[in-house]
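Quick look at query05.txt (compact mmCIF, C-alpha atoms):
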# COMPACT_ATOMS: atom_id res chain seq x y z
CA MET N 1 34.44 -35.50 27.49
CA ARG N 2 36.03 -32.10 27.80
CA THR N 3 38.66 -31.75 30.48
CA PHE N 4 39.95 -28.47 31.83
CA SER N 5 43.49 -27.58 32.69
CA SER N 6 44.26 -27.50 36.38
CA LYS N 7 46.73 -24.71 35.80
CA PRO N 8 45.56 -21.21 36.65
CA PHE N 9 44.52 -19.32 33.58
CA LEU N 10 43.53 -15.69 33.31
CA SER N 11 42.45 -14.46 29.91
CA THR N 12 43.36 -10.87 29.20
CA SER N 13 41.05 -10.40 26.27
CA ARG N 14 38.22 -7.89 26.53
CA ARG N 15 36.82 -9.83 23.61
CA THR N 16 36.35 -12.71 26.00
CA ILE N 17 34.30 -10.41 28.22
CA THR N 18 32.23 -9.37 25.20
CA ALA N 19 31.60 -13.02 24.38
CA ALA N 20 30.57 -13.63 27.97
CA VAL N 21 28.07 -10.79 27.72
CA ALA N 22 26.64 -12.37 24.59
CA ALA N 23 26.44 -15.71 26.33
CA PHE N 24 24.64 -14.07 29.26
CA THR N 25 21.79 -13.24 26.91
CA VAL N 26 21.04 -16.95 26.64
CA VAL N 27 22.46 -18.57 29.74
CA SER N 28 21.10 -15.99 32.19
CA LEU N 29 17.61 -17.11 31.33
CA CYS N 30 18.05 -19.86 33.87
CA ALA N 31 19.47 -17.58 36.53
CA GLU N 32 16.43 -15.39 37.00
CA PRO N 33 13.54 -16.36 39.28
CA LEU N 34 10.83 -18.15 37.33
CA THR N 35 8.20 -15.50 38.01
CA MET N 36 6.44 -13.18 35.63
CA ALA N 37 7.13 -9.47 35.80
CA LYS N 38 4.64 -7.71 38.03
CA SER N 39 4.33 -4.72 35.73
CA LYS N 40 1.94 -4.88 32.81
CA PRO N 41 3.36 -5.61 29.36
CA LYS N 42 4.18 -2.61 27.26
CA LYS N 43 2.19 -2.18 24.12
CA THR N 44 4.11 -1.85 20.91
CA GLN N 45 3.03 -1.43 17.33
CA LYS N 46 4.20 -4.93 16.50
CA SER N 47 3.30 -6.89 19.60
CA VAL N 48 1.70 -6.69 23.02
CA SER N 49 3.77 -9.49 24.55
CA LEU N 50 6.89 -7.53 25.43
CA THR N 51 7.24 -7.03 29.17
CA SER N 52 8.21 -3.78 30.85
CA ASN N 53 11.93 -4.66 30.87
CA GLY N 54 12.02 -5.56 27.18
CA HIS N 55 11.95 -9.34 27.40
CA SER N 56 9.50 -11.23 25.24
CA MET N 57 6.88 -13.77 26.24
CA PRO N 58 8.70 -16.80 24.77
CA TYR N 59 11.70 -15.69 26.83
CA TYR N 60 9.73 -16.06 30.04
CA LEU N 61 7.90 -19.18 28.97
CA GLY N 62 11.03 -21.06 27.96
CA ARG N 63 13.97 -19.79 29.98
CA GLY N 64 13.79 -22.79 32.32
CA VAL N 65 15.15 -25.05 29.59
CA PHE N 66 18.63 -23.70 30.22
CA SER N 67 18.58 -24.91 33.82
CA GLY N 68 17.14 -28.34 33.12
CA ILE N 69 13.51 -27.49 33.82
CA ASP N 70 10.98 -29.32 31.66
CA ILE N 71 9.10 -26.75 29.58
CA SER N 72 7.12 -29.27 27.52
CA ASP N 73 3.80 -27.76 28.51
CA SER N 74 4.87 -24.37 27.14
CA VAL N 75 6.48 -25.62 23.92
CA PRO N 76 3.30 -25.47 21.75
CA ILE N 77 2.82 -21.84 22.75
CA ILE N 78 6.49 -21.00 22.15
CA GLU N 79 6.37 -22.69 18.74
CA GLY N 80 3.56 -20.33 17.80
CA TYR N 81 5.90 -17.38 18.28
CA LEU N 82 8.08 -18.64 15.41
CA LYS N 83 5.46 -17.08 13.15
CA SER N 84 5.42 -13.79 15.05
CA THR N 85 5.90 -10.55 13.15
CA ASP N 86 7.96 -9.30 16.08
CA LYS N 87 11.65 -10.10 15.49
CA LYS N 88 12.55 -10.31 19.18
CA GLU N 89 9.76 -12.78 19.92
CA LYS N 90 10.81 -14.90 16.97
CA LYS N 91 14.48 -14.88 18.02
CA ASP N 92 13.73 -15.78 21.62
CA ALA N 93 11.38 -18.56 20.56
CA ALA N 94 14.01 -20.02 18.21
CA SER N 95 16.70 -19.80 20.90
CA VAL N 96 14.61 -21.61 23.49
CA LEU N 97 13.35 -24.25 21.07
CA THR N 98 16.84 -24.99 19.75
CA CYS N 99 17.93 -26.02 23.23
CA TYR N 100 14.71 -27.88 23.93
CA TYR N 101 14.79 -29.89 20.70
CA PHE N 102 18.45 -30.76 21.24
CA GLU N 103 17.89 -31.97 24.80
CA LYS N 104 14.83 -33.98 23.74
CA ARG N 105 16.67 -35.34 20.66
CA GLU N 106 13.98 -33.99 18.36
CA TYR N 107 16.47 -33.60 15.54
CA ILE N 108 13.92 -33.25 12.73
CA LYS N 109 12.45 -30.15 14.35
CA LEU N 110 15.92 -28.86 15.18
CA ASN N 111 16.92 -29.32 11.55
CA LEU N 112 13.96 -27.17 10.47
CA LEU N 113 15.15 -24.34 12.72
CA LEU N 114 18.72 -24.54 11.43
CA THR N 115 17.91 -24.84 7.73
CA GLY N 116 14.56 -23.07 7.32
CA ILE N 117 13.90 -20.14 5.01
CA ASP N 118 13.52 -17.58 7.83
CA VAL N 119 16.95 -16.04 8.37
CA THR N 120 16.04 -14.63 11.80
CA ILE N 121 15.22 -18.12 13.05
CA ARG N 122 18.37 -19.64 11.53
CA GLU N 123 20.60 -16.98 13.04
CA SER N 124 19.07 -17.34 16.49
CA ALA N 125 19.22 -21.15 16.35
CA PHE N 126 22.92 -21.18 15.41
CA GLU N 127 23.69 -18.56 18.04
CA SER N 128 21.95 -20.68 20.67
CA LEU N 129 23.97 -23.71 19.56
CA SER N 130 27.25 -21.80 19.77
CA ILE N 131 26.56 -20.50 23.27
CA TYR N 132 24.76 -23.34 24.97
CA ILE N 133 25.06 -26.61 23.09
CA LYS N 134 28.44 -26.82 21.34
CA TYR N 135 30.14 -28.22 24.44
CA LYS N 136 27.63 -31.09 24.50
CA LEU N 137 28.17 -32.30 20.95
CA SER N 138 29.44 -35.86 20.63
CA SER N 139 31.61 -36.96 17.73
CA ASP N 140 28.69 -38.84 16.19
CA SER N 141 26.00 -36.23 16.79
CA PRO N 142 23.46 -36.26 13.93
CA ILE N 143 23.42 -32.46 13.78
CA ILE N 144 27.11 -32.10 12.86
CA PRO N 145 26.36 -32.32 9.09
CA ILE N 146 23.61 -29.72 9.54
CA ILE N 147 26.02 -27.38 11.31
CA PHE N 148 28.57 -27.96 8.56
CA SER N 149 26.01 -26.88 5.98
CA GLY N 150 25.78 -23.57 7.86
CA LEU N 151 29.24 -22.69 6.54
CA SER N 152 27.63 -21.98 3.17
CA ASP N 153 24.61 -20.11 4.55
CA SER N 154 23.76 -16.71 3.06
CA SER N 155 23.83 -15.16 6.57
CA VAL N 156 27.13 -13.86 7.91
CA ASP N 157 26.04 -14.61 11.48
CA VAL N 158 25.13 -18.19 10.64
CA ARG N 159 28.48 -18.79 8.92
CA LYS N 160 30.40 -17.35 11.88
CA ASN N 161 28.51 -19.35 14.48
CA ALA N 162 28.72 -22.54 12.43
CA ALA N 163 32.50 -22.13 12.20
CA ASP N 164 32.69 -21.34 15.92
CA ILE N 165 30.79 -24.52 16.81
CA LEU N 166 32.77 -26.72 14.42
CA ALA N 167 36.14 -25.31 15.52
CA ASP N 168 35.41 -26.13 19.13
CA HIS N 169 34.05 -29.55 18.13
CA TYR N 170 37.07 -30.41 15.99
CA PHE N 171 39.41 -29.32 18.75
CA THR N 172 37.56 -31.33 21.40
CA THR N 173 37.50 -34.46 19.25
CA GLY N 174 41.14 -34.08 18.19
CA ASN N 175 40.39 -33.42 14.52
CA THR N 176 43.13 -30.84 14.08
CA GLY N 177 43.29 -31.38 10.32
CA GLU N 178 39.73 -30.17 9.77
CA LEU N 179 40.26 -27.40 12.32
CA ALA N 180 43.33 -26.13 10.46
CA LEU N 181 41.29 -25.97 7.26
CA LEU N 182 38.67 -23.82 8.97
CA LEU N 183 41.35 -21.48 10.33
CA GLN N 184 42.72 -21.02 6.80
CA HIS N 185 39.35 -20.81 5.05
CA ASN N 186 39.00 -18.33 2.17
CA ASN N 187 35.79 -16.93 3.65
CA VAL N 188 36.65 -14.29 6.24
CA GLU N 189 33.55 -14.87 8.37
CA ILE N 190 34.38 -18.56 8.63
CA ARG N 191 37.95 -17.76 9.68
CA GLU N 192 36.66 -15.30 12.27
CA GLY N 193 34.20 -17.82 13.69
CA ALA N 194 36.79 -20.59 13.74
CA PHE N 195 39.32 -18.47 15.60
CA GLN N 196 36.64 -17.38 18.03
CA GLY N 197 35.76 -21.02 18.72
CA LEU N 198 39.42 -21.94 19.14
CA SER N 199 40.08 -18.98 21.44
CA ASN N 200 37.67 -20.51 23.95
CA SER N 201 39.75 -23.71 24.09
CA PHE N 202 43.37 -22.65 23.70
CA SER N 203 44.25 -23.18 27.37
CA GLU N 204 43.77 -26.90 26.76
CA PHE N 205 46.23 -27.33 23.89
CA SER N 206 48.16 -30.57 23.87
CA PRO N 207 51.69 -30.75 22.40
CA SER N 208 50.42 -32.78 19.45
CA SER N 209 47.70 -30.30 18.53
CA LEU N 210 50.15 -27.43 18.93
CA SER N 211 52.53 -28.88 16.38
CA VAL N 212 49.72 -28.96 13.81
CA LEU N 213 48.01 -25.65 14.57
CA LEU N 214 50.78 -23.25 15.60
CA PRO N 215 52.06 -22.50 12.08
CA THR N 216 48.53 -21.55 11.01
CA ILE N 217 47.90 -19.45 14.11
CA ILE N 218 51.18 -17.58 13.67
CA SER N 219 50.55 -16.98 9.97
CA LYS N 220 47.18 -15.40 10.79
CA LEU N 221 48.78 -12.67 12.90
CA GLY N 222 48.87 -10.82 9.60
CA ASP N 223 45.34 -11.70 8.49
CA SER N 224 43.20 -9.13 6.70
CA SER N 225 40.54 -9.51 9.42
CA LYS N 226 41.09 -7.56 12.62
CA ASP N 227 39.11 -10.19 14.55
CA VAL N 228 41.29 -13.02 13.29
CA LYS N 229 44.48 -11.11 14.15
CA SER N 230 43.18 -10.31 17.60
CA SER N 231 42.12 -13.93 18.27
CA ALA N 232 45.44 -15.28 17.00
CA ALA N 233 47.35 -12.97 19.36
CA ASP N 234 45.06 -13.89 22.24
CA ILE N 235 45.56 -17.61 21.59
CA LEU N 236 49.33 -17.11 21.68
CA VAL N 237 48.94 -15.38 25.05
CA GLY N 238 47.18 -18.47 26.38
CA ILE N 239 49.83 -20.76 24.96
CA SER N 240 52.61 -18.61 26.40
CA PHE N 241 51.28 -19.23 29.90
CA ARG N 242 51.97 -22.96 29.48
CA SER N 243 55.06 -23.04 27.29
CA ASP N 244 57.30 -20.80 25.25
CA ILE N 245 55.86 -19.60 21.96
CA PRO N 246 58.00 -20.09 18.84
CA ALA N 247 60.52 -17.41 17.93
CA SER N 248 58.80 -17.31 14.53
CA SER N 249 55.84 -15.57 16.17
CA VAL N 250 57.88 -12.60 17.44
CA ASP N 251 57.87 -10.70 14.17
CA GLY N 252 54.11 -10.98 13.68
CA LEU N 253 53.38 -10.06 17.29
CA SER N 254 55.77 -7.11 17.13
CA LYS N 255 53.90 -5.73 14.11
CA LEU N 256 50.63 -5.93 16.06
CA LEU N 257 52.02 -3.53 18.68
CA SER N 258 50.95 -0.76 16.30
CA ASP N 259 47.57 -2.30 15.42
CA LYS N 260 44.52 -0.02 15.49
CA ASN N 261 42.77 -2.27 18.02
CA GLU N 262 43.97 -1.58 21.57
CA PHE N 263 43.14 -5.07 22.78
CA THR N 264 45.12 -6.62 19.94
CA ARG N 265 48.07 -4.45 20.96
CA LEU N 266 47.67 -5.53 24.58
CA SER N 267 47.53 -9.25 23.70
CA ALA N 268 50.56 -8.96 21.41
CA SER N 269 52.53 -7.22 24.13
CA GLU N 270 51.55 -9.79 26.74
CA ALA N 271 52.54 -12.74 24.56
CA LEU N 272 55.86 -11.12 23.68
CA THR N 273 56.60 -10.33 27.31
CA MET N 274 55.95 -13.92 28.37
CA HIS N 275 58.31 -15.04 25.60
CA TYR N 276 60.99 -12.60 26.75
CA ILE N 277 60.57 -13.66 30.39
CA ARG N 278 61.07 -17.32 29.49
CA ASN N 279 64.16 -16.43 27.46
CA LYS N 280 65.52 -13.97 30.05
CA ASP N 281 65.54 -11.18 27.47
CA ILE N 282 65.57 -8.33 29.98
CA GLN N 283 66.38 -5.66 27.41
CA SER N 284 63.35 -6.45 25.28
CA ILE N 285 61.08 -6.31 28.34
CA SER N 286 62.48 -2.88 29.18
CA SER N 287 61.89 -1.75 25.60
CA LEU N 288 58.24 -2.77 25.77
CA PHE N 289 57.86 -0.92 29.06
CA ASP N 290 59.25 2.18 27.32
CA HIS N 291 56.68 1.94 24.54
CA SER N 292 54.61 5.07 23.94
CA ASP N 293 51.32 3.16 23.86
CA GLU N 294 49.51 2.56 27.15
CA SER N 295 47.97 -0.72 25.98
CA VAL N 296 51.40 -2.14 25.18
CA ARG N 297 52.73 -1.15 28.61
CA GLU N 298 49.67 -2.64 30.27
CA GLY N 299 50.27 -5.91 28.43
CA VAL N 300 53.79 -6.04 29.88
CA ALA N 301 52.43 -5.47 33.38
CA TRP N 302 49.81 -8.20 33.05
CA ALA N 303 52.42 -10.66 31.79
CA LEU N 304 54.62 -9.91 34.79
CA LEU N 305 51.71 -10.55 37.14
CA ILE N 306 50.92 -13.85 35.46
CA ALA N 307 54.58 -14.88 35.46
CA ALA N 308 54.77 -14.04 39.17
CA ASP N 309 51.57 -16.02 39.73
CA PHE N 310 53.35 -19.00 38.18
CA GLY N 311 56.30 -18.48 40.54
CA ALA N 312 58.73 -16.49 38.37
CA LEU N 313 60.94 -14.06 40.27
CA VAL N 314 60.15 -11.05 38.07
CA SER N 315 60.36 -8.51 40.89
CA ARG N 316 64.13 -8.25 40.28
CA LEU N 317 63.75 -6.97 36.73
CA PRO N 318 65.78 -3.79 36.16
CA ALA N 319 62.77 -2.24 34.45
CA LEU N 320 61.04 -2.09 37.84
CA GLN N 321 63.64 0.38 39.04
CA ASN N 322 61.55 2.89 37.12
CA PRO N 323 58.63 4.18 39.25
CA LYS N 324 56.60 4.74 36.10
CA ASN N 325 56.74 1.04 35.26
CA CYS N 326 55.83 0.13 38.82
CA GLN N 327 52.80 2.39 38.58
CA THR N 328 51.73 0.52 35.42
CA VAL N 329 51.94 -2.80 37.26
CA LEU N 330 49.86 -1.55 40.19
CA LYS N 331 47.28 -0.13 37.80
CA ALA N 332 47.04 -3.53 36.10
CA VAL N 333 46.37 -5.15 39.48
CA GLU N 334 43.51 -2.71 40.07
CA ASN N 335 42.06 -3.37 36.61
CA ARG N 336 42.21 -7.16 36.68
CA ASP N 337 38.90 -8.33 38.11
CA GLY N 338 39.13 -11.44 40.24
CA PHE N 339 42.93 -11.39 40.47
CA ASP N 340 43.97 -12.47 43.97
CA ASP N 341 46.96 -10.17 44.14
CA ARG N 342 48.33 -11.48 47.44
CA LYS N 343 47.67 -15.18 47.07
CA LYS N 344 51.16 -16.28 46.05
CA PRO N 345 54.48 -15.11 47.52
CA GLN N 346 56.03 -13.99 44.23
CA VAL N 347 52.94 -11.97 43.31
CA ASP N 348 52.97 -10.35 46.72
CA LEU N 349 56.68 -9.61 46.36
CA LEU N 350 56.15 -8.02 42.93
CA ILE N 351 53.37 -5.79 44.24
CA ARG N 352 55.28 -4.80 47.37
CA THR N 353 58.36 -4.02 45.26
CA CYS N 354 56.31 -1.70 43.07
CA GLU N 355 54.58 -0.08 46.03
CA ASN N 356 57.93 0.59 47.73
CA ARG N 357 59.38 1.98 44.51
CA ILE N 358 56.71 4.66 44.23
CA GLY N 359 56.54 5.23 47.98
CA LYS N 360 52.99 3.97 48.32

Spit out the file's structure as structure tokens when you get a sec.
Amino acid sequence: MRTFSSKPFLSTSRRTITAAVAAFTVVSLCAEPLTMAKSKPKKTQKSVSLTSNGHSMPYYLGRGVFSGIDISDSVPIIEGYLKSTDKKEKKDAASVLTCYYFEKREYIKLNLLLTGIDVTIRESAFESLSIYIKYKLSSDSPIIPIIFSGLSDSSVDVRKNAADILADHYFTTGNTGELALLLQHNNVEIREGAFQGLSNSFSEFSPSSLSVLLPTIISKLGDSSKDVKSSAADILVGISFRSDIPASSVDGLSKLLSDKNEFTRLSASEALTMHYIRNKDIQSISSLFDHSDESVREGVAWALLIAADFGALVSRLPALQNPKNCQTVLKAVENRDGFDDRKKPQVDLLIRTCENRIGK
């Protein structure tokens, strides 16, 4: 069973927010009241079963499955939508049925969704697995071989989601050897999916798994895929909150400070700053604060806030003699949703130091 770290963990990745938005598409089905929309369905050229807010009929019929409600009575109707000419209806039907078949252990029907000839259904089924079901997979689940077969699917989305699911599964079950192979796979979509799956679990790394996976993660800071590079940097941020990252990662992270992706630059800066804080490299922290890029400076500020949250006395850093740097820290506090900026003494001291420096 998956266990979660008791240590506070705040992910800085906007990519994580994007993933959460994607997950909301599926998981939020259970959060809405189980009532039909009062307005009449809009008529479209393809279908008359889209409601006024754009949701399809199988969406409404089956959303209860995500909150443990038995939808058995609606399943025959939802199954009929798998043959719909409307792509949204078909996707929603496949998403709902994937979860239903898994919960009811109807693996033959689930297999048909995951391996059928209709690419829309396959893509939706794998997406539903990656969002809702992957955390429930046991080591002997009969659908693991089916998911593995998705790595060779003709669909990019299926390959990515299959790799995402397997990466998380391998990590959870301690199969770091297979996980490392996915992270180094020749197919770029599989690497991207694997890193995405791993990025959702990196706060739980054990020392033994780190020793196996860190060399691969560090080597992929220079990957040809921007998504892989970004995920690798983000994973190192998460690791840096728990322990020092290897000095061998500094060069790769430093190169990412000039990456085209602003969030990759931010993650690289944050990981480097945490490394410099642990090694008392005050000059390097000051150099990052002097960087011309706003995302890099913001990464430094976020790292200082996290370090203070963990009890580090970062308020005495010489770089905070500069009002401009203090302003960056205070801006980061404003931007970090859910950050309890006064909860811990060292965080409060850091914020008050910055406020006093700029005369706020």

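Taking all atoms listed in the file into account, Ser219 in chain N lies nearest to N:Ser249 out of the set N:Ser287, N:Ser72, N:Ser249, N:Ser149.
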
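Minimum distance to Leu266 in chain N across N:Arg242, N:His169, N:His291, N:Arg278 (counting all atoms listed in the file) occurs at N:His291.
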
| For the atom pair CA of Asp86 in chain N and CA of Ser128 in chain N, what is the interatomic distance in Å to one decimal place? | 18.6 Å

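Note that CA of Phe241 in chain N and CA of Asp309 in chain N are 10.3 Å apart.
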
| said: With distances taken over all atoms listed in the file, which residue among N:Leu320, N:Val188, N:Ile165, N:Leu182 lies nearest Tyr135 in chain N? | reply: N:Ile165

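Across N:Asp70, N:Asp223, N:Phe263, N:Phe310, the tightest approach to Lys343 in chain N is made by N:Phe310 when counting all atoms listed in the file.
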
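Atom pair CA of Ala162 in chain N / CA of Gly177 in chain N has a distance of 17.2 Å (rounded to one decimal).
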
| So which residues touch Lys104 in chain N within 12 Å, counting all atoms listed in the file, skipping near sequence neighbours fewer than 4 positions away, as an NGL selection string? | :N and (65 or 68 or 70-72 or 75 or 97-100 or 108-110)

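Remark: for Ser248 in chain N, the closest of the candidate residues N:Thr216, N:Ser295, N:Ser225, N:Ser199 is N:Thr216 (distances computed over only C-alpha atoms).
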
| field | Selection: 10 Å around Pro215 in chain N, all atoms listed in the file, excl. self and same-chain fewer than 3 positions, as a list of chain:residue names | value |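 Answer for this query is N:Ala180, N:Leu210, N:Ser211, N:Val212, N:Ile218, N:Ser219, N:Lys220, N:Pro246, N:Ser248, N:Ser249.
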
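Counting all atoms listed in the file, the residue from N:Val333, N:Lys160, N:Asn279, N:Cys354 that sits nearest to Arg316 in chain N is N:Cys354.
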
| query | Asp157 in chain N: which residues within 12 Å, counting only C-alpha atoms, same-chain residues fewer than 4 positions away excluded, as a VMD selection string? | reply | chain N and resid 119 to 128 130 150 to 153 161 to 164 188 to 190 192 to 193

Just to be explicit: take each residue in the selection above, keep C-alpha atoms, and write the result as an mmCIF file, keeping the file's coordinate frame.
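Result file follows (part.cif):
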data_model
loop_
_atom_site.group_PDB
_atom_site.id
_atom_site.type_symbol
_atom_site.label_atom_id
_atom_site.label_comp_id
_atom_site.auth_asym_id
_atom_site.auth_seq_id
_atom_site.Cartn_x
_atom_site.Cartn_y
_atom_site.Cartn_z
ATOM 1 C CA VAL N 119 16.950 -16.040 8.370
ATOM 2 C CA THR N 120 16.040 -14.630 11.800
ATOM 3 C CA ILE N 121 15.220 -18.120 13.050
ATOM 4 C CA ARG N 122 18.370 -19.640 11.530
ATOM 5 C CA GLU N 123 20.600 -16.980 13.040
ATOM 6 C CA SER N 124 19.070 -17.340 16.490
ATOM 7 C CA ALA N 125 19.220 -21.150 16.350
ATOM 8 C CA PHE N 126 22.920 -21.180 15.410
ATOM 9 C CA GLU N 127 23.690 -18.560 18.040
ATOM 10 C CA SER N 128 21.950 -20.680 20.670
ATOM 11 C CA SER N 130 27.250 -21.800 19.770
ATOM 12 C CA GLY N 150 25.780 -23.570 7.860
ATOM 13 C CA LEU N 151 29.240 -22.690 6.540
ATOM 14 C CA SER N 152 27.630 -21.980 3.170
ATOM 15 C CA ASP N 153 24.610 -20.110 4.550
ATOM 16 C CA ASN N 161 28.510 -19.350 14.480
ATOM 17 C CA ALA N 162 28.720 -22.540 12.430
ATOM 18 C CA ALA N 163 32.500 -22.130 12.200
ATOM 19 C CA ASP N 164 32.690 -21.340 15.920
ATOM 20 C CA VAL N 188 36.650 -14.290 6.240
ATOM 21 C CA GLU N 189 33.550 -14.870 8.370
ATOM 22 C CA ILE N 190 34.380 -18.560 8.630
ATOM 23 C CA GLU N 192 36.660 -15.300 12.270
ATOM 24 C CA GLY N 193 34.200 -17.820 13.690
#

| task | Tell me, as a list in words, which residues lie within 10 Å of Leu82 in chain N, counting all atoms listed in the file; anything in the same chain fewer than 5 positions away does not count. | result | Pro58, Ile77, Lys87, Glu89, Lys90, Lys91, Asp92, Ala93, Ala94, Leu97, Leu113, Asp118, Thr120 and Ile121 of chain N

| Sphere at (38.7, -34.1, 20.5), radius 12 Å, counting all atoms listed in the file: residues as a VMD selection string | chain N and resid 1 to 3 135 137 to 140 166 to 179 201 204 to 206 208 to 209

Reconstructed range 72-90 of chain N, atom set N, CA and C atoms, as an mmCIF file, in the frame of the given file:
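Written file, out-v5.cif:
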data_model
loop_
_atom_site.group_PDB
_atom_site.id
_atom_site.type_symbol
_atom_site.label_atom_id
_atom_site.label_comp_id
_atom_site.auth_asym_id
_atom_site.auth_seq_id
_atom_site.Cartn_x
_atom_site.Cartn_y
_atom_site.Cartn_z
ATOM 1 N N SER N 72 7.941 -28.624 28.550
ATOM 2 C CA SER N 72 7.120 -29.270 27.520
ATOM 3 C C SER N 72 5.729 -28.668 27.416
ATOM 4 N N ASP N 73 5.148 -28.307 28.546
ATOM 5 C CA ASP N 73 3.800 -27.760 28.510
ATOM 6 C C ASP N 73 3.733 -26.424 27.776
ATOM 7 N N SER N 74 4.844 -25.691 27.770
ATOM 8 C CA SER N 74 4.870 -24.370 27.140
ATOM 9 C C SER N 74 5.318 -24.407 25.684
ATOM 10 N N VAL N 75 5.888 -25.537 25.264
ATOM 11 C CA VAL N 75 6.480 -25.620 23.920
ATOM 12 C C VAL N 75 5.474 -25.292 22.807
ATOM 13 N N PRO N 76 4.238 -25.824 22.834
ATOM 14 C CA PRO N 76 3.300 -25.470 21.750
ATOM 15 C C PRO N 76 3.060 -23.968 21.639
ATOM 16 N N ILE N 77 3.017 -23.294 22.775
ATOM 17 C CA ILE N 77 2.820 -21.840 22.750
ATOM 18 C C ILE N 77 4.050 -21.158 22.179
ATOM 19 N N ILE N 78 5.235 -21.599 22.633
ATOM 20 C CA ILE N 78 6.490 -21.000 22.150
ATOM 21 C C ILE N 78 6.643 -21.219 20.654
ATOM 22 N N GLU N 79 6.274 -22.397 20.175
ATOM 23 C CA GLU N 79 6.370 -22.690 18.740
ATOM 24 C C GLU N 79 5.510 -21.728 17.930
ATOM 25 N N GLY N 80 4.403 -21.291 18.502
ATOM 26 C CA GLY N 80 3.560 -20.330 17.800
ATOM 27 C C GLY N 80 4.242 -19.011 17.550
ATOM 28 N N TYR N 81 5.188 -18.654 18.433
ATOM 29 C CA TYR N 81 5.900 -17.380 18.280
ATOM 30 C C TYR N 81 6.912 -17.416 17.135
ATOM 31 N N LEU N 82 7.199 -18.582 16.579
ATOM 32 C CA LEU N 82 8.080 -18.640 15.410
ATOM 33 C C LEU N 82 7.452 -17.950 14.207
ATOM 34 N N LYS N 83 6.158 -17.756 14.242
ATOM 35 C CA LYS N 83 5.460 -17.080 13.150
ATOM 36 C C LYS N 83 5.153 -15.620 13.495
ATOM 37 N N SER N 84 5.690 -15.160 14.616
ATOM 38 C CA SER N 84 5.420 -13.790 15.050
ATOM 39 C C SER N 84 6.011 -12.773 14.072
ATOM 40 N N THR N 85 5.354 -11.635 13.961
ATOM 41 C CA THR N 85 5.900 -10.550 13.150
ATOM 42 C C THR N 85 6.909 -9.721 13.936
ATOM 43 N N ASP N 86 7.001 -10.004 15.236
ATOM 44 C CA ASP N 86 7.960 -9.300 16.080
ATOM 45 C C ASP N 86 9.281 -10.069 16.076
ATOM 46 N N LYS N 87 10.364 -9.427 15.670
ATOM 47 C CA LYS N 87 11.650 -10.100 15.490
ATOM 48 C C LYS N 87 12.193 -10.635 16.819
ATOM 49 N N LYS N 88 12.025 -9.884 17.893
ATOM 50 C CA LYS N 88 12.550 -10.310 19.180
ATOM 51 C C LYS N 88 11.835 -11.570 19.681
ATOM 52 N N GLU N 89 10.514 -11.592 19.525
ATOM 53 C CA GLU N 89 9.760 -12.780 19.920
ATOM 54 C C GLU N 89 10.218 -14.000 19.126
ATOM 55 N N LYS N 90 10.397 -13.804 17.841
ATOM 56 C CA LYS N 90 10.810 -14.900 16.970
ATOM 57 C C LYS N 90 12.194 -15.414 17.359
#
